[in-house]
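K.L.:
As input, take protein_22.txt (compact mmCIF, C-alpha atoms):
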```txt
# COMPACT_ATOMS: atom_id res chain seq x y z
CA MET A 1 -6.38 1.26 35.72
CA PRO A 2 -6.87 -0.01 32.14
CA PRO A 3 -8.33 2.46 29.65
CA ARG A 4 -12.00 2.20 28.84
CA LEU A 5 -12.92 1.46 25.26
CA TRP A 6 -16.10 3.54 25.32
CA ALA A 7 -14.64 6.85 26.51
CA ARG A 8 -17.09 9.71 26.88
CA GLY A 9 -16.34 12.39 24.31
CA GLY A 10 -13.80 10.16 22.58
CA HIS A 11 -10.82 11.52 24.58
CA TYR A 12 -8.25 9.31 26.30
CA PRO A 13 -5.92 10.28 29.16
CA GLY A 14 -2.81 8.85 27.47
CA PRO A 15 -1.47 6.16 25.12
CA VAL A 16 -3.87 3.24 24.68
CA THR A 17 -4.12 0.19 22.52
CA SER A 18 -6.71 0.59 19.78
CA PRO A 19 -9.70 -1.71 20.30
CA HIS A 20 -9.47 -5.06 18.56
CA GLY A 21 -12.18 -7.65 18.88
CA ILE A 22 -15.60 -8.93 17.87
CA LEU A 23 -18.66 -7.19 19.23
CA LEU A 24 -22.00 -8.99 19.34
CA LEU A 25 -24.72 -6.36 19.11
CA ASP A 26 -28.48 -6.63 19.41
CA LYS A 27 -29.63 -4.23 16.69
CA PRO A 28 -32.82 -2.28 17.39
CA GLN A 29 -35.52 -1.70 14.81
CA GLY A 30 -35.34 1.40 12.62
CA LEU A 31 -31.57 1.55 12.08
CA THR A 32 -29.55 0.34 9.13
CA SER A 33 -26.48 -1.80 9.72
CA HIS A 34 -24.45 1.17 8.46
CA ASP A 35 -26.04 3.35 11.16
CA VAL A 36 -24.94 0.86 13.80
CA VAL A 37 -21.36 0.81 12.52
CA ALA A 38 -21.26 4.61 12.61
CA ARG A 39 -22.40 4.62 16.23
CA VAL A 40 -19.80 2.03 17.20
CA ARG A 41 -17.08 4.09 15.50
CA ARG A 42 -18.02 7.10 17.61
CA ALA A 43 -18.36 5.12 20.82
CA ALA A 44 -15.05 3.27 20.36
CA ASN A 45 -13.17 6.29 18.98
CA THR A 46 -11.84 4.29 16.04
CA ARG A 47 -12.49 4.27 12.31
CA LYS A 48 -11.68 0.62 11.73
CA VAL A 49 -15.12 -0.94 12.24
CA GLY A 50 -17.10 -3.28 9.99
CA HIS A 51 -19.97 -5.73 10.20
CA ALA A 52 -20.84 -9.19 8.86
CA GLY A 53 -24.30 -9.82 7.45
CA THR A 54 -26.57 -6.84 6.81
CA LEU A 55 -29.87 -6.49 8.67
CA ASP A 56 -32.64 -4.37 7.16
CA PRO A 57 -33.94 -1.42 9.22
CA MET A 58 -37.13 -3.39 9.98
CA ALA A 59 -35.13 -6.31 11.41
CA THR A 60 -33.72 -6.65 14.90
CA GLY A 61 -31.24 -9.02 16.47
CA LEU A 62 -27.70 -10.20 16.15
CA LEU A 63 -25.29 -8.00 14.21
CA ILE A 64 -21.64 -9.05 14.38
CA VAL A 65 -19.28 -6.09 14.38
CA GLY A 66 -15.50 -6.24 14.09
CA LEU A 67 -13.13 -3.60 15.47
CA GLY A 68 -9.51 -3.04 14.52
CA MET A 69 -7.60 -6.12 13.46
CA ALA A 70 -10.66 -8.29 14.11
CA THR A 71 -12.36 -6.84 11.01
CA ARG A 72 -10.26 -9.42 9.16
CA LEU A 73 -12.37 -12.14 10.77
CA LEU A 74 -15.59 -10.83 9.28
CA THR A 75 -15.10 -12.46 5.88
CA HIS A 76 -15.07 -15.80 7.71
CA VAL A 77 -18.30 -14.93 9.56
CA VAL A 78 -20.37 -13.75 6.59
CA GLY A 79 -20.80 -17.24 5.16
CA ALA A 80 -21.98 -18.82 8.41
CA ASP A 81 -25.47 -20.26 8.72
CA LYS A 82 -28.14 -18.03 10.27
CA VAL A 83 -31.19 -18.51 12.50
CA TYR A 84 -34.20 -16.18 12.47
CA GLU A 85 -37.52 -15.73 14.19
CA ALA A 86 -40.11 -14.11 11.94
CA THR A 87 -43.78 -13.38 11.41
CA ILE A 88 -45.26 -14.08 7.98
CA ARG A 89 -48.62 -12.57 7.06
CA LEU A 90 -50.66 -14.61 4.59
CA GLY A 91 -53.38 -12.92 2.56
CA GLU A 92 -51.50 -9.76 1.56
CA ALA A 93 -48.57 -9.18 -0.79
CA THR A 94 -46.32 -6.10 -0.96
CA ASN A 95 -43.82 -4.79 -3.51
CA THR A 96 -40.94 -5.26 -1.05
CA ASP A 97 -42.11 -8.62 0.36
CA ASP A 98 -42.21 -7.02 3.81
CA ALA A 99 -44.32 -4.60 5.83
CA GLU A 100 -42.34 -1.55 4.68
CA GLY A 101 -43.61 -1.82 1.09
CA GLU A 102 -46.85 -0.93 -0.62
CA GLN A 103 -49.61 -3.53 -0.81
CA THR A 104 -49.81 -5.05 -4.28
CA GLY A 105 -52.50 -7.62 -3.65
CA LYS A 106 -55.03 -8.82 -1.09
CA ALA A 107 -56.71 -12.21 -1.18
CA ASP A 108 -60.37 -12.77 -0.62
CA ALA A 109 -60.96 -13.29 3.10
CA SER A 110 -62.86 -16.52 2.45
CA ALA A 111 -59.86 -17.99 0.56
CA VAL A 112 -57.57 -17.21 3.48
CA ALA A 113 -60.04 -18.60 6.03
CA ALA A 114 -60.30 -21.82 4.00
CA LEU A 115 -56.58 -22.62 4.45
CA ALA A 116 -56.36 -25.57 6.82
CA ASP A 117 -53.45 -26.02 9.22
CA ALA A 118 -52.39 -29.17 7.34
CA GLU A 119 -52.25 -27.22 4.08
CA LEU A 120 -50.06 -24.60 5.71
CA ALA A 121 -47.76 -27.32 7.02
CA ARG A 122 -47.39 -28.91 3.58
CA ALA A 123 -46.52 -25.59 1.96
CA VAL A 124 -43.93 -24.85 4.65
CA ALA A 125 -42.39 -28.32 4.24
CA ALA A 126 -42.08 -27.72 0.48
CA LEU A 127 -39.92 -24.67 1.24
CA THR A 128 -37.53 -26.66 3.45
CA GLY A 129 -34.27 -28.21 2.25
CA ASP A 130 -32.19 -27.30 -0.80
CA LEU A 131 -34.01 -24.64 -2.84
CA LEU A 132 -33.54 -22.34 -5.79
CA GLN A 133 -34.66 -19.00 -4.40
CA VAL A 134 -35.23 -15.75 -6.29
CA PRO A 135 -34.09 -12.95 -3.95
CA SER A 136 -36.39 -10.05 -3.23
CA SER A 137 -36.04 -7.29 -5.82
CA VAL A 138 -35.27 -4.81 -3.03
CA SER A 139 -32.26 -6.78 -1.81
CA ALA A 140 -28.72 -5.41 -1.62
CA ILE A 141 -27.57 -7.60 -4.52
CA LYS A 142 -25.73 -5.57 -7.14
CA VAL A 143 -27.07 -5.35 -10.69
CA ASP A 144 -24.57 -3.80 -13.10
CA GLY A 145 -22.74 -2.21 -10.18
CA GLU A 146 -25.83 -0.78 -8.45
CA ARG A 147 -27.83 -2.22 -5.56
CA ALA A 148 -31.09 -3.81 -6.67
CA TYR A 149 -33.10 -1.84 -4.11
CA ALA A 150 -31.75 1.44 -5.49
CA ARG A 151 -32.89 0.49 -8.99
CA VAL A 152 -36.35 -0.43 -7.70
CA ARG A 153 -36.65 2.86 -5.83
CA ALA A 154 -35.72 4.65 -9.05
CA GLY A 155 -38.73 3.02 -10.74
CA GLU A 156 -36.96 0.20 -12.59
CA GLN A 157 -38.25 -3.35 -12.90
CA VAL A 158 -35.60 -5.64 -11.44
CA GLU A 159 -35.56 -9.40 -11.94
CA LEU A 160 -32.88 -11.30 -10.08
CA ALA A 161 -31.64 -14.76 -10.94
CA ALA A 162 -32.53 -17.69 -8.69
CA ARG A 163 -29.72 -18.91 -6.48
CA PRO A 164 -29.25 -22.11 -4.47
CA VAL A 165 -29.92 -21.83 -0.73
CA THR A 166 -30.53 -24.32 2.05
CA VAL A 167 -33.34 -23.98 4.57
CA SER A 168 -32.42 -26.59 7.15
CA ALA A 169 -35.39 -25.79 9.40
CA PHE A 170 -38.67 -23.95 8.75
CA GLU A 171 -40.82 -24.39 11.83
CA VAL A 172 -44.23 -22.88 12.49
CA ARG A 173 -44.38 -21.88 16.15
CA SER A 174 -47.91 -20.48 16.13
CA ILE A 175 -50.81 -19.82 13.76
CA ARG A 176 -52.90 -16.71 14.44
CA ARG A 177 -56.03 -16.38 12.37
CA LEU A 178 -57.29 -12.80 12.12
CA PRO A 179 -60.66 -13.02 10.34
CA GLU A 180 -61.49 -9.35 10.91
CA GLN A 181 -58.44 -8.49 8.78
CA GLY A 182 -58.75 -11.42 6.40
CA VAL A 183 -55.21 -12.64 7.11
CA ILE A 184 -53.27 -15.36 8.90
CA ASP A 185 -50.09 -14.58 10.82
CA LEU A 186 -47.51 -17.36 11.18
CA ASP A 187 -44.78 -17.06 13.80
CA VAL A 188 -41.88 -19.11 12.46
CA ARG A 189 -38.29 -20.09 13.14
CA VAL A 190 -35.95 -20.46 10.16
CA ALA A 191 -32.44 -21.92 10.13
CA CYS A 192 -30.77 -21.39 6.78
CA SER A 193 -27.61 -20.93 4.80
CA SER A 194 -26.04 -17.55 4.21
CA GLY A 195 -27.73 -15.70 1.36
CA THR A 196 -31.25 -16.94 2.16
CA TYR A 197 -33.88 -14.20 2.14
CA ILE A 198 -36.63 -14.65 4.73
CA ARG A 199 -38.73 -12.07 2.87
CA ALA A 200 -38.53 -14.29 -0.19
CA LEU A 201 -39.66 -17.28 1.87
CA ALA A 202 -42.71 -15.27 3.01
CA ARG A 203 -43.42 -14.26 -0.60
CA ASP A 204 -43.04 -17.81 -1.93
CA LEU A 205 -45.15 -19.32 0.84
CA GLY A 206 -47.99 -16.90 0.08
CA ALA A 207 -47.68 -17.56 -3.65
CA ALA A 208 -47.74 -21.34 -3.15
CA LEU A 209 -50.94 -21.03 -1.12
CA GLY A 210 -52.49 -18.69 -3.68
CA VAL A 211 -53.16 -15.85 -1.24
CA GLY A 212 -49.94 -13.80 -1.24
CA GLY A 213 -47.67 -13.22 1.71
CA HIS A 214 -45.12 -10.88 3.20
CA LEU A 215 -42.89 -10.49 6.23
CA THR A 216 -44.09 -8.35 9.15
CA ALA A 217 -41.33 -9.02 11.69
CA LEU A 218 -37.80 -10.42 11.60
CA ARG A 219 -35.25 -11.08 14.31
CA ARG A 220 -31.87 -12.75 13.78
CA THR A 221 -31.06 -14.93 16.76
CA ALA A 222 -27.84 -16.67 15.70
CA VAL A 223 -24.96 -16.45 13.23
CA GLY A 224 -22.84 -19.58 13.18
CA PRO A 225 -21.67 -20.17 16.77
CA PHE A 226 -22.74 -16.70 17.98
CA ASP A 227 -26.10 -16.19 19.68
CA VAL A 228 -28.13 -13.05 20.33
CA ALA A 229 -28.44 -14.12 23.98
CA SER A 230 -24.80 -13.02 24.40
CA ALA A 231 -25.26 -9.75 22.50
CA THR A 232 -25.11 -6.25 23.95
CA PRO A 233 -27.94 -3.76 23.31
CA LEU A 234 -26.70 -0.87 21.18
CA ALA A 235 -27.89 1.69 23.74
CA ALA A 236 -25.54 0.20 26.34
CA LEU A 237 -22.56 1.20 24.20
CA THR A 238 -23.60 4.63 23.03
CA ASP A 239 -24.06 5.95 26.55
CA GLY A 240 -20.34 5.36 27.16
CA ALA A 241 -20.91 3.10 30.16
CA VAL A 242 -19.51 -0.25 28.99
CA ALA A 243 -15.90 -1.36 29.47
CA PRO A 244 -14.05 -3.43 26.83
CA ALA A 245 -13.89 -6.62 28.87
CA ASP A 246 -17.67 -6.56 29.11
CA VAL A 247 -18.39 -6.47 25.40
CA LEU A 248 -15.48 -7.47 23.15
CA LEU A 249 -14.56 -11.01 22.23
CA ALA A 250 -10.80 -11.25 21.72
CA PRO A 251 -9.89 -12.21 18.13
CA ALA A 252 -8.55 -15.57 19.36
CA ASP A 253 -11.77 -16.33 21.24
CA ALA A 254 -13.95 -15.44 18.27
CA ALA A 255 -11.77 -17.35 15.80
CA THR A 256 -11.71 -20.56 17.85
CA ARG A 257 -15.52 -20.51 17.96
CA LEU A 258 -15.55 -20.42 14.17
CA VAL A 259 -12.85 -22.99 13.38
CA PRO A 260 -10.70 -25.55 15.24
CA ARG A 261 -7.72 -24.33 17.26
CA LEU A 262 -4.08 -24.97 16.33
CA ASP A 263 -1.62 -24.28 19.16
CA LEU A 264 1.84 -23.04 18.18
CA ASP A 265 5.17 -22.80 19.97
CA GLU A 266 6.99 -19.46 20.04
CA GLN A 267 9.11 -20.08 16.92
CA GLN A 268 6.15 -21.37 14.93
CA ALA A 269 4.18 -18.24 15.90
CA VAL A 270 7.04 -16.05 14.66
CA ASP A 271 7.38 -17.99 11.39
CA LEU A 272 3.65 -17.95 10.63
CA GLY A 273 3.55 -14.28 11.57
CA HIS A 274 6.09 -13.72 8.78
CA GLY A 275 3.93 -15.65 6.33
CA LYS A 276 6.05 -18.79 6.15
CA LYS A 277 4.61 -22.18 5.28
CA LEU A 278 5.11 -24.81 7.97
CA ALA A 279 4.77 -28.58 8.16
CA LEU A 280 3.11 -29.22 11.53
CA ALA A 281 2.35 -32.73 12.75
CA GLN A 282 -0.25 -31.40 15.21
CA ALA A 283 -2.23 -29.59 12.49
CA GLY A 284 -4.65 -32.48 11.95
CA GLY A 285 -6.59 -33.10 8.74
CA PRO A 286 -7.26 -30.63 5.93
CA GLY A 287 -9.23 -27.48 6.71
CA ILE A 288 -9.07 -24.04 8.26
CA ARG A 289 -7.56 -23.56 11.73
CA ALA A 290 -7.09 -20.67 14.14
CA ALA A 291 -3.36 -20.58 14.85
CA ILE A 292 -2.79 -19.44 18.45
CA ALA A 293 0.51 -18.26 19.96
CA PRO A 294 1.66 -19.44 23.42
CA ASP A 295 0.48 -16.14 24.90
CA GLY A 296 -3.06 -16.75 23.59
CA ARG A 297 -2.84 -14.29 20.70
CA LEU A 298 -4.40 -15.10 17.32
CA VAL A 299 -1.54 -15.27 14.82
CA ALA A 300 -3.47 -16.23 11.72
CA LEU A 301 -6.26 -18.22 10.20
CA VAL A 302 -4.43 -20.93 8.29
CA SER A 303 -5.29 -23.65 5.81
CA VAL A 304 -3.95 -27.14 6.36
CA SER A 305 -3.29 -29.32 3.32
CA LYS A 306 -3.69 -33.08 3.09
CA THR A 307 0.04 -33.42 3.68
CA GLY A 308 -0.01 -31.27 6.83
CA VAL A 309 1.44 -28.11 5.28
CA VAL A 310 0.10 -25.00 7.02
CA ARG A 311 -0.31 -21.80 5.03
CA VAL A 312 -1.54 -18.40 6.21
CA GLU A 313 -4.95 -17.40 4.81
CA THR A 314 -5.52 -14.32 6.97
CA GLY A 315 -2.80 -12.86 9.19
CA PHE A 316 -3.36 -10.90 12.40
CA PRO A 317 -0.27 -8.80 13.16
CA GLN A 318 0.16 -7.87 16.80
CA PRO A 319 -1.54 -4.52 17.47
CA GLU A 320 0.58 -1.55 18.40
CA ALA A 321 -0.18 1.13 20.97
CA GLN A 322 -1.63 4.38 19.62
CA PRO A 323 -0.83 7.80 21.08
```
Let's see the structure in the file written out as structure tokens.
P.N.:
Amino acid sequence: MPPRLWARGGHYPGPVTSPHGILLLDKPQGLTSHDVVARVRRAANTRKVGHAGTLDPMATGLLIVGLGMATRLLTHVVGADKVYEATIRLGEATNTDDAEGEQTGKADASAVAALADAELARAVAALTGDLLQVPSSVSAIKVDGERAYARVRAGEQVELAARPVTVSAFEVRSIRRLPEQGVIDLDVRVACSSGTYIRALARDLGAALGVGGHLTALRRTAVGPFDVASATPLAALTDGAVAPADVLLAPADAATRLVPRLDLDEQQAVDLGHGKKLALAQAGGPGIRAAIAPDGRLVALVSVSKTGVVRVETGFPQPEAQP
């Protein structure tokens, strides 16, 4: 019987292979991404765990976690496009641009009520496409070696530089007018490039409409080719009841979802595994490929030059059994 990855108590009956793979998790609200990684470390009985793309404690949804050798894939996941579902409240601004901060401004209820649906649509359209976005001051961006949010919490005024982002879709799914509270809630879907802050979109939308705005809910539904519909709830892992085949994507499977596949013969797999450059006719045009051995193992992520020369970018040595 194969060993279970999520062993109760972290004890194994004998030699096992350390877990290697990509885990798609549905993060619950109230936990940091670091909290989730710590739980996975305990559940999987391994220290080599990392994640791609931080989610704030308020946010839920898809968190991609790498275990063992598959942590090397995470740098290729971080830059993937993202999709979110969110709720933006118009009429109130906060110092964190989300519901966890303190209110810094509230618009007159009559000004909020006067916003027509067409005006909302125009403001949303203006925040779609290629933008220069100023990240929220409580982001994880480092300023002189320290996270911006830490400086803000220490009482500092932090101003971050605008950076280019792409919002490929900003769709309003529903408009909920709440006159008793003097606000409008917009349920939206956003597809965007890596590095886009949905809190900043909420802030900028409210500012453009002259009433202020902040984020009240956020859920990440996709990262590149990975979807939250295929994710495992965190609670299903921490109770020790899930077997590896049920939850882990093999490194080769995950890699070939990210980039095109390059099949190798046995000698080519050995040579690339040793870091050699190869000229392969089957490599296709320039770009990144997932080089796969005949046994289905991921050998490396490789770059292919215009002349067909294949060079290792990230190697994946074959895992060894652990006592």
K.L.:
List the spatial neighbours of stretch 32-41 of chain A as a VMD selection string - criterion: any atom at most 6 Å away, only C-alpha atoms, same-chain residues fewer than 4 positions off excluded.
P.N.:
chain A and resid 45 to 47 54 to 57
K.L.:
Counting only C-alpha atoms, which residues in stretch 204-234 of chain A sit no more than 8 Å from stretch 100-124 of chain A? For each one, give the nearest pair of atoms and the distance in Å, sorted by chain then residue number, as JSON lines.
P.N.:
```
{"residue": "A:Leu205", "atom": "CA", "partner": "A:Ala123", "partner_atom": "CA", "distance": 6.5}
{"residue": "A:Ala208", "atom": "CA", "partner": "A:Ala123", "partner_atom": "CA", "distance": 6.8}
{"residue": "A:Leu209", "atom": "CA", "partner": "A:Ala123", "partner_atom": "CA", "distance": 7.1}
{"residue": "A:Val211", "atom": "CA", "partner": "A:Ala107", "partner_atom": "CA", "distance": 5.1}
{"residue": "A:Gly212", "atom": "CA", "partner": "A:Ala107", "partner_atom": "CA", "distance": 7.0}
```
K.L.:
Please compute the atom CA of A:Leu278-atom CA of A:Val310 distance, one decimal, in Å.
P.N.:
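Atom CA of A:Val310 lies 5.1 Å from atom CA of A:Leu278.
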K.L.:
What does the structure give for the distance between atom CA of A:Leu127 and atom CA of A:Leu218, in Å to one decimal?
P.N.:
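These two atoms are separated by 17.7 Å.
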K.L.:
For the atom pair atom CA of A:Pro317 and atom CA of A:Ser305, what is the interatomic distance in Å to one decimal place?
P.N.:
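So the two atoms, atom CA of A:Pro317 and atom CA of A:Ser305, lie 23.0 Å apart.
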K.L.:
For A:Ala162, please output as an MDAnalysis selection string all residues within 6 Å (counting only C-alpha atoms; exclusion window: fewer than 2 positions along the same chain).
P.N.:
chainID A and resid 132:134
K.L.:
Distance table requested - stretch 43-80 of chain A against stretch 219-226 of chain A, cut-off 7 Å, all atoms listed in the file: one row per qualifying residue with the closest atom pair and its distance in Å to one decimal, ordered by chain and rising residue number, as CSV.
P.N.:
```
residue,atom,partner,partner_atom,distance
A:Ala59,CA,A:Arg219,CA,5.6
A:Thr60,CA,A:Arg219,CA,4.7
A:Gly61,CA,A:Arg220,CA,4.6
A:Leu62,CA,A:Arg220,CA,5.4
A:Ala80,CA,A:Gly224,CA,4.9
```
K.L.:
Go through A:Asp185, A:Asp263, A:Glu146, A:Asp130 and flag the residue nearest A:Glu92, using only C-alpha atoms for the distances.
P.N.:
A:Asp185
K.L.:
Using only C-alpha atoms, which residue out of A:Ala293, A:Ala86, A:Val49, A:Ala191 lies closest to A:Gly273?
P.N.:
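So, comparing all the options, the nearest one is A:Ala293.
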K.L.:
When you count only C-alpha atoms, which of these residues is closest to A:Pro260: A:Leu201, A:Ala279, A:Ala161, A:Ile288?
P.N.:
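That would be A:Ile288, the residue with the smallest distance to A:Pro260.
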K.L.:
Using only C-alpha atoms, pick whichever of A:Val65, A:Ala52, A:Leu258, A:Ala236 has the shortest atom-to-atom distance to A:Val78.
P.N.:
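Among the listed residues, the smallest separation from A:Val78 belongs to A:Ala52.
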K.L.:
List the neighbours of A:Asp253 out to 12 Å using all atoms listed in the file; skip same-chain residues closer than 5 positions along the sequence, and give me the result as a PDB file with C-alpha atoms, in the coordinates of the input.
P.N.:
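The result, stored in selection05.pdb:
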```pdb
ATOM      1  CA  HIS A  20      -9.470  -5.060  18.560  1.00  0.00           C
ATOM      2  CA  GLY A  21     -12.180  -7.650  18.880  1.00  0.00           C
ATOM      3  CA  ILE A  22     -15.600  -8.930  17.870  1.00  0.00           C
ATOM      4  CA  LEU A  23     -18.660  -7.190  19.230  1.00  0.00           C
ATOM      5  CA  ALA A  70     -10.660  -8.290  14.110  1.00  0.00           C
ATOM      6  CA  LEU A  73     -12.370 -12.140  10.770  1.00  0.00           C
ATOM      7  CA  PRO A 225     -21.670 -20.170  16.770  1.00  0.00           C
ATOM      8  CA  PHE A 226     -22.740 -16.700  17.980  1.00  0.00           C
ATOM      9  CA  LEU A 248     -15.480  -7.470  23.150  1.00  0.00           C
ATOM     10  CA  LEU A 258     -15.550 -20.420  14.170  1.00  0.00           C
ATOM     11  CA  VAL A 259     -12.850 -22.990  13.380  1.00  0.00           C
ATOM     12  CA  PRO A 260     -10.700 -25.550  15.240  1.00  0.00           C
ATOM     13  CA  ARG A 261      -7.720 -24.330  17.260  1.00  0.00           C
ATOM     14  CA  ALA A 290      -7.090 -20.670  14.140  1.00  0.00           C
ATOM     15  CA  ALA A 291      -3.360 -20.580  14.850  1.00  0.00           C
ATOM     16  CA  ILE A 292      -2.790 -19.440  18.450  1.00  0.00           C
ATOM     17  CA  GLY A 296      -3.060 -16.750  23.590  1.00  0.00           C
ATOM     18  CA  ARG A 297      -2.840 -14.290  20.700  1.00  0.00           C
ATOM     19  CA  LEU A 298      -4.400 -15.100  17.320  1.00  0.00           C
TER      20      LEU A 298
END
```
